[in-house]
Amino acid sequence: MVNIKDVAIRAGVSVTTVSRVLNNRGYIGKETREKVEKAMAEINYFPNQIARALQKSQSYILGIIVPDSNNPFFSELVKHVEINANANNYKLLVCNSLDQSEKEAKYIRMLKENRVDGIIMCSHTLDVGEYTQINFPIVTFDRIIANQFPYVSSDNFKGGEIATEHLIASGCKKLLHLSGPLKLDLLPNRRSDAFRLTCMKHNIEFEVVEATQDNLTFQYFRDFIRTEIADTLSHFDGVFCSNDILAYALYLHAIENNIKVPEQLKIIGYDYHSFTRMLQTPKLTTISQPISRLGKILSNTIISMIETKDKDSVNNIVVDVELIKGDTTIDTNNSQHLTSLQI
């Protein structure tokens with residue numbers, strides 16, 4: 001069986017150099033790295049990951065728990081977490097909680113039992129007390145749990161404020177916000193806080209309707225609009241949706257029921273993920289979260305916690321958002337075409 005010494009001889013380098021290439025540690029020149037990788041391929045050498053993990057007490061595997069990887073936002077977020085993790089010699093194990101607390105708890109236990117080095121939590125169905133009992137590197141996305149767990153988020157309050165201000169500036173007089181569930185203390189609920197405060201500041205009539213927690217599918221949002229919103233939708237001239245899938249579902253409902261968008265009803269979404277960017281009709285007005293940056297930060301944060309073994313050295317990070325003006329909120333009093341605006 002070939003081993004690391006065989007690779008070193010074949011590549012004409014030291015065993016230490018081969019080890020540094022395998023572990024992606026220290027400076028290795030491009031030419032040297034290519035020689036080592038070529039030698040490994042030529043003699044069919046595959047490092048024993050289990051042995052390396054036992055030796056280092058580290059698996060170089062990260063876990064990430066998301067509500068639903070089929071959702072465009074989370075699928076794109078996972079992609080960028082994985083790209084950055086791989087660049088740092090880590091692999092990623094993806095788990096779908098489907099917003100079920102029992103499933104989320106089982107996944108946390110499974111990931112720990114399988115010796116992952118840390119967990120990125122994007123699903124938050126458990127009570128805070130259940131998380132604080134976990135003595136393990138964890139970084140959360142969009143939720144403040146405890147000081148021991150840093151969080152990464154976009155500026156949800158600012159996003160809600162920008163969305164509401166844009167609807168009002170577009171001429172809306174009575175607004176509806178279709179939010180996620182507000183019973184959990186999640187950072188995305190700051191969008192709803194901003195919506196309420198901005199409406200009150202401008203003396204605008206408003207209403208908030210909550211969607212369910214455990215379903216993020218397009219079909220659910222279509223049914224939700226038909227059963228919960230349709231009868232009162234004519235009372236409003238602007239709607240701030242908590243995500244772009246919901247915004248698009250609302251747009252289709254409006255068109256099917258002869259409600260003109262944006263002349264009679266203006267719609268703004270949230271996320272600006274791959275689904276939204278592919279849409280040609282309509283071009284949704286939305287709040288863009290920097291998904292690639294969020295994924296990289298989440299990955300870097302958990303890796304820093306693992307490698308420094310110092311939870312206090314990692315800070316919470318909040319990143320800025322951007323208003324993307326599209327066809328669903330054009331001010332009908334302004335014929336000029338609206339373009340993206342950097343906030």
# chains A, B, ... in the order shown; residues from 1 in each chain; ligands from 1
>>> residues_around(residues="Cys122 of chain A", least_positions_apart="2", cutoff="6 Å", atoms="only C-alpha atoms", output="PyMOL selection string")
chain A and resi 65-66+141
>>> closest_residue(among="A:Asn147, A:Thr140, A:Gln100, A:Thr285", to="Ile120 of chain A", atoms="only C-alpha atoms")
A:Thr140
>>> closest_residue(among="A:Ile144, A:Ile306, A:Ile64, A:Leu216", to="Tyr107 of chain A", atoms="only C-alpha atoms")
A:Ile64
>>> select_by_dssp(residues="segment 193-229 of chain A", states="alpha helix (DSSP H)", output="mmCIF file with C-alpha atoms, in the first residue's frame")
data_model
loop_
_atom_site.group_PDB
_atom_site.id
_atom_site.type_symbol
_atom_site.label_atom_id
_atom_site.label_comp_id
_atom_site.auth_asym_id
_atom_site.auth_seq_id
_atom_site.Cartn_x
_atom_site.Cartn_y
_atom_site.Cartn_z
ATOM 1 C CA ASP A 193 -40.717 45.740 13.496
ATOM 2 C CA ALA A 194 -39.324 48.154 10.930
ATOM 3 C CA PHE A 195 -42.474 47.868 8.804
ATOM 4 C CA ARG A 196 -44.736 48.796 11.733
ATOM 5 C CA LEU A 197 -42.559 51.680 12.932
ATOM 6 C CA THR A 198 -42.124 53.127 9.442
ATOM 7 C CA CYS A 199 -45.865 53.000 8.765
ATOM 8 C CA MET A 200 -46.584 54.713 12.075
ATOM 9 C CA LYS A 201 -43.953 57.368 11.377
ATOM 10 C CA PHE A 218 -44.296 27.886 -3.581
ATOM 11 C CA GLN A 219 -47.490 25.795 -3.388
ATOM 12 C CA TYR A 220 -47.928 26.619 0.294
ATOM 13 C CA PHE A 221 -47.648 30.334 -0.439
ATOM 14 C CA ARG A 222 -50.169 30.042 -3.280
ATOM 15 C CA ASP A 223 -52.637 28.338 -0.933
ATOM 16 C CA PHE A 224 -51.856 30.789 1.863
#
>>> closest_atom_pairs(of="segment 99-185 of chain A", to="segment 204-211 of chain A", cutoff="7 Å", atoms="only C-alpha atoms", output="tab-separated table")
residue	atom	partner	partner_atom	distance
A:Lys173	CA	A:Ile204	CA	5.9
A:Lys174	CA	A:Glu205	CA	4.8
A:Leu175	CA	A:Phe206	CA	4.6
A:Leu176	CA	A:Glu207	CA	5.0
A:His177	CA	A:Val208	CA	4.7
A:Leu178	CA	A:Val209	CA	5.1
A:Ser179	CA	A:Glu210	CA	4.9
A:Gly180	CA	A:Ala211	CA	5.1
A:Pro181	CA	A:Glu210	CA	5.4
>>> write_last_selection(atoms="C-alpha atoms", output="compact mmCIF listing (two decimals), in the first residue's frame")
# COMPACT_ATOMS: atom_id res chain seq x y z
CA LYS A 173 -51.51 54.64 1.28
CA LYS A 174 -52.47 51.34 2.93
CA LEU A 175 -49.90 48.61 3.37
CA LEU A 176 -49.91 44.90 4.12
CA HIS A 177 -46.94 42.93 5.39
CA LEU A 178 -46.92 39.16 4.85
CA SER A 179 -44.43 38.01 7.46
CA GLY A 180 -42.97 34.79 8.69
CA PRO A 181 -44.05 33.48 12.12
>>> closest_residue(among="A:Cys95, A:Leu77, A:Val116, A:Ala39", to="Val21 of chain A", atoms="only C-alpha atoms")
A:Ala39
>>> atom_distance(atom1="atom CA of Thr212 of chain A", atom2="atom CA of Thr125 of chain A")
12.6 Å
>>> select_by_dssp(residues="segment 39-273 of chain A", states="strand (DSSP E or B)", output="PyMOL selection string")
chain A and resi 61-66+91-96+118-121+138-141+151-154+174-179+205-210+238-241+266-271
>>> residues_around(residues="Ser69 of chain A", least_positions_apart="5", cutoff="7 Å", atoms="only C-alpha atoms", output="count of residues only")
3
>>> decode(residues="segment 250-279 of chain A", atoms="N, CA and C atoms", output="tab-separated table (two decimals), in the first residue's frame")
chain	number	residue	atom	x	y	z
A	250	LEU	N	-47.83	36.00	-4.88
A	250	LEU	CA	-48.81	37.08	-4.79
A	250	LEU	C	-49.00	37.76	-6.14
A	251	TYR	N	-47.90	37.95	-6.86
A	251	TYR	CA	-48.00	38.56	-8.19
A	251	TYR	C	-48.89	37.71	-9.10
A	252	LEU	N	-48.69	36.39	-9.11
A	252	LEU	CA	-49.50	35.51	-9.96
A	252	LEU	C	-50.97	35.57	-9.55
A	253	HIS	N	-51.22	35.59	-8.24
A	253	HIS	CA	-52.61	35.69	-7.78
A	253	HIS	C	-53.24	36.99	-8.28
A	254	ALA	N	-52.49	38.08	-8.20
A	254	ALA	CA	-53.03	39.37	-8.63
A	254	ALA	C	-53.37	39.35	-10.11
A	255	ILE	N	-52.45	38.84	-10.93
A	255	ILE	CA	-52.67	38.79	-12.38
A	255	ILE	C	-53.87	37.91	-12.71
A	256	GLU	N	-53.99	36.77	-12.05
A	256	GLU	CA	-55.10	35.85	-12.30
A	256	GLU	C	-56.44	36.43	-11.89
A	257	ASN	N	-56.42	37.43	-11.00
A	257	ASN	CA	-57.66	38.04	-10.53
A	257	ASN	C	-57.83	39.48	-11.01
A	258	ASN	N	-57.15	39.77	-12.13
A	258	ASN	CA	-57.30	41.07	-12.81
A	258	ASN	C	-56.94	42.26	-11.92
A	259	ILE	N	-55.97	42.06	-11.04
A	259	ILE	CA	-55.43	43.15	-10.24
A	259	ILE	C	-54.13	43.60	-10.91
A	260	LYS	N	-54.06	44.83	-11.36
A	260	LYS	CA	-52.92	45.30	-12.11
A	260	LYS	C	-51.75	45.63	-11.18
A	261	VAL	N	-50.58	45.05	-11.52
A	261	VAL	CA	-49.35	45.31	-10.77
A	261	VAL	C	-48.39	46.05	-11.71
A	262	PRO	N	-47.93	47.24	-11.37
A	262	PRO	CA	-48.03	47.88	-10.05
A	262	PRO	C	-49.10	48.97	-9.96
A	263	GLU	N	-49.93	49.13	-11.01
A	263	GLU	CA	-50.88	50.25	-11.02
A	263	GLU	C	-51.84	50.20	-9.83
A	264	GLN	N	-52.40	49.01	-9.54
A	264	GLN	CA	-53.34	48.88	-8.43
A	264	GLN	C	-52.69	48.31	-7.17
A	265	LEU	N	-51.69	47.49	-7.37
A	265	LEU	CA	-51.04	46.83	-6.22
A	265	LEU	C	-49.54	46.78	-6.46
A	266	LYS	N	-48.80	47.34	-5.52
A	266	LYS	CA	-47.34	47.30	-5.60
A	266	LYS	C	-46.82	46.20	-4.66
A	267	ILE	N	-45.82	45.47	-5.12
A	267	ILE	CA	-45.33	44.30	-4.37
A	267	ILE	C	-43.80	44.38	-4.27
A	268	ILE	N	-43.30	44.16	-3.06
A	268	ILE	CA	-41.86	44.09	-2.85
A	268	ILE	C	-41.54	42.82	-2.06
A	269	GLY	N	-40.48	42.14	-2.47
A	269	GLY	CA	-40.09	40.89	-1.81
A	269	GLY	C	-38.84	41.06	-0.97
A	270	TYR	N	-38.18	39.93	-0.72
A	270	TYR	CA	-36.97	39.93	0.11
A	270	TYR	C	-36.11	38.72	-0.25
A	271	ASP	N	-34.84	38.93	-0.47
A	271	ASP	CA	-33.80	37.89	-0.64
A	271	ASP	C	-32.96	38.14	-1.89
A	272	TYR	N	-33.60	38.22	-3.08
A	272	TYR	CA	-32.90	38.36	-4.36
A	272	TYR	C	-31.94	37.19	-4.58
A	273	HIS	N	-32.49	35.97	-4.45
A	273	HIS	CA	-31.69	34.78	-4.70
A	273	HIS	C	-31.75	34.41	-6.18
A	274	SER	N	-31.22	33.23	-6.52
A	274	SER	CA	-31.08	32.83	-7.93
A	274	SER	C	-32.42	32.79	-8.65
A	275	PHE	N	-33.48	32.33	-7.95
A	275	PHE	CA	-34.82	32.28	-8.56
A	275	PHE	C	-35.25	33.66	-9.02
A	276	THR	N	-35.08	34.66	-8.17
A	276	THR	CA	-35.50	36.01	-8.50
A	276	THR	C	-34.66	36.59	-9.63
A	277	ARG	N	-33.38	36.31	-9.58
A	277	ARG	CA	-32.50	36.86	-10.61
A	277	ARG	C	-32.80	36.27	-11.99
A	278	MET	N	-33.36	35.06	-12.02
A	278	MET	CA	-33.71	34.44	-13.31
A	278	MET	C	-35.04	34.93	-13.85
A	279	LEU	N	-35.90	35.45	-12.98
A	279	LEU	CA	-37.22	35.90	-13.42
A	279	LEU	C	-37.11	37.07	-14.40
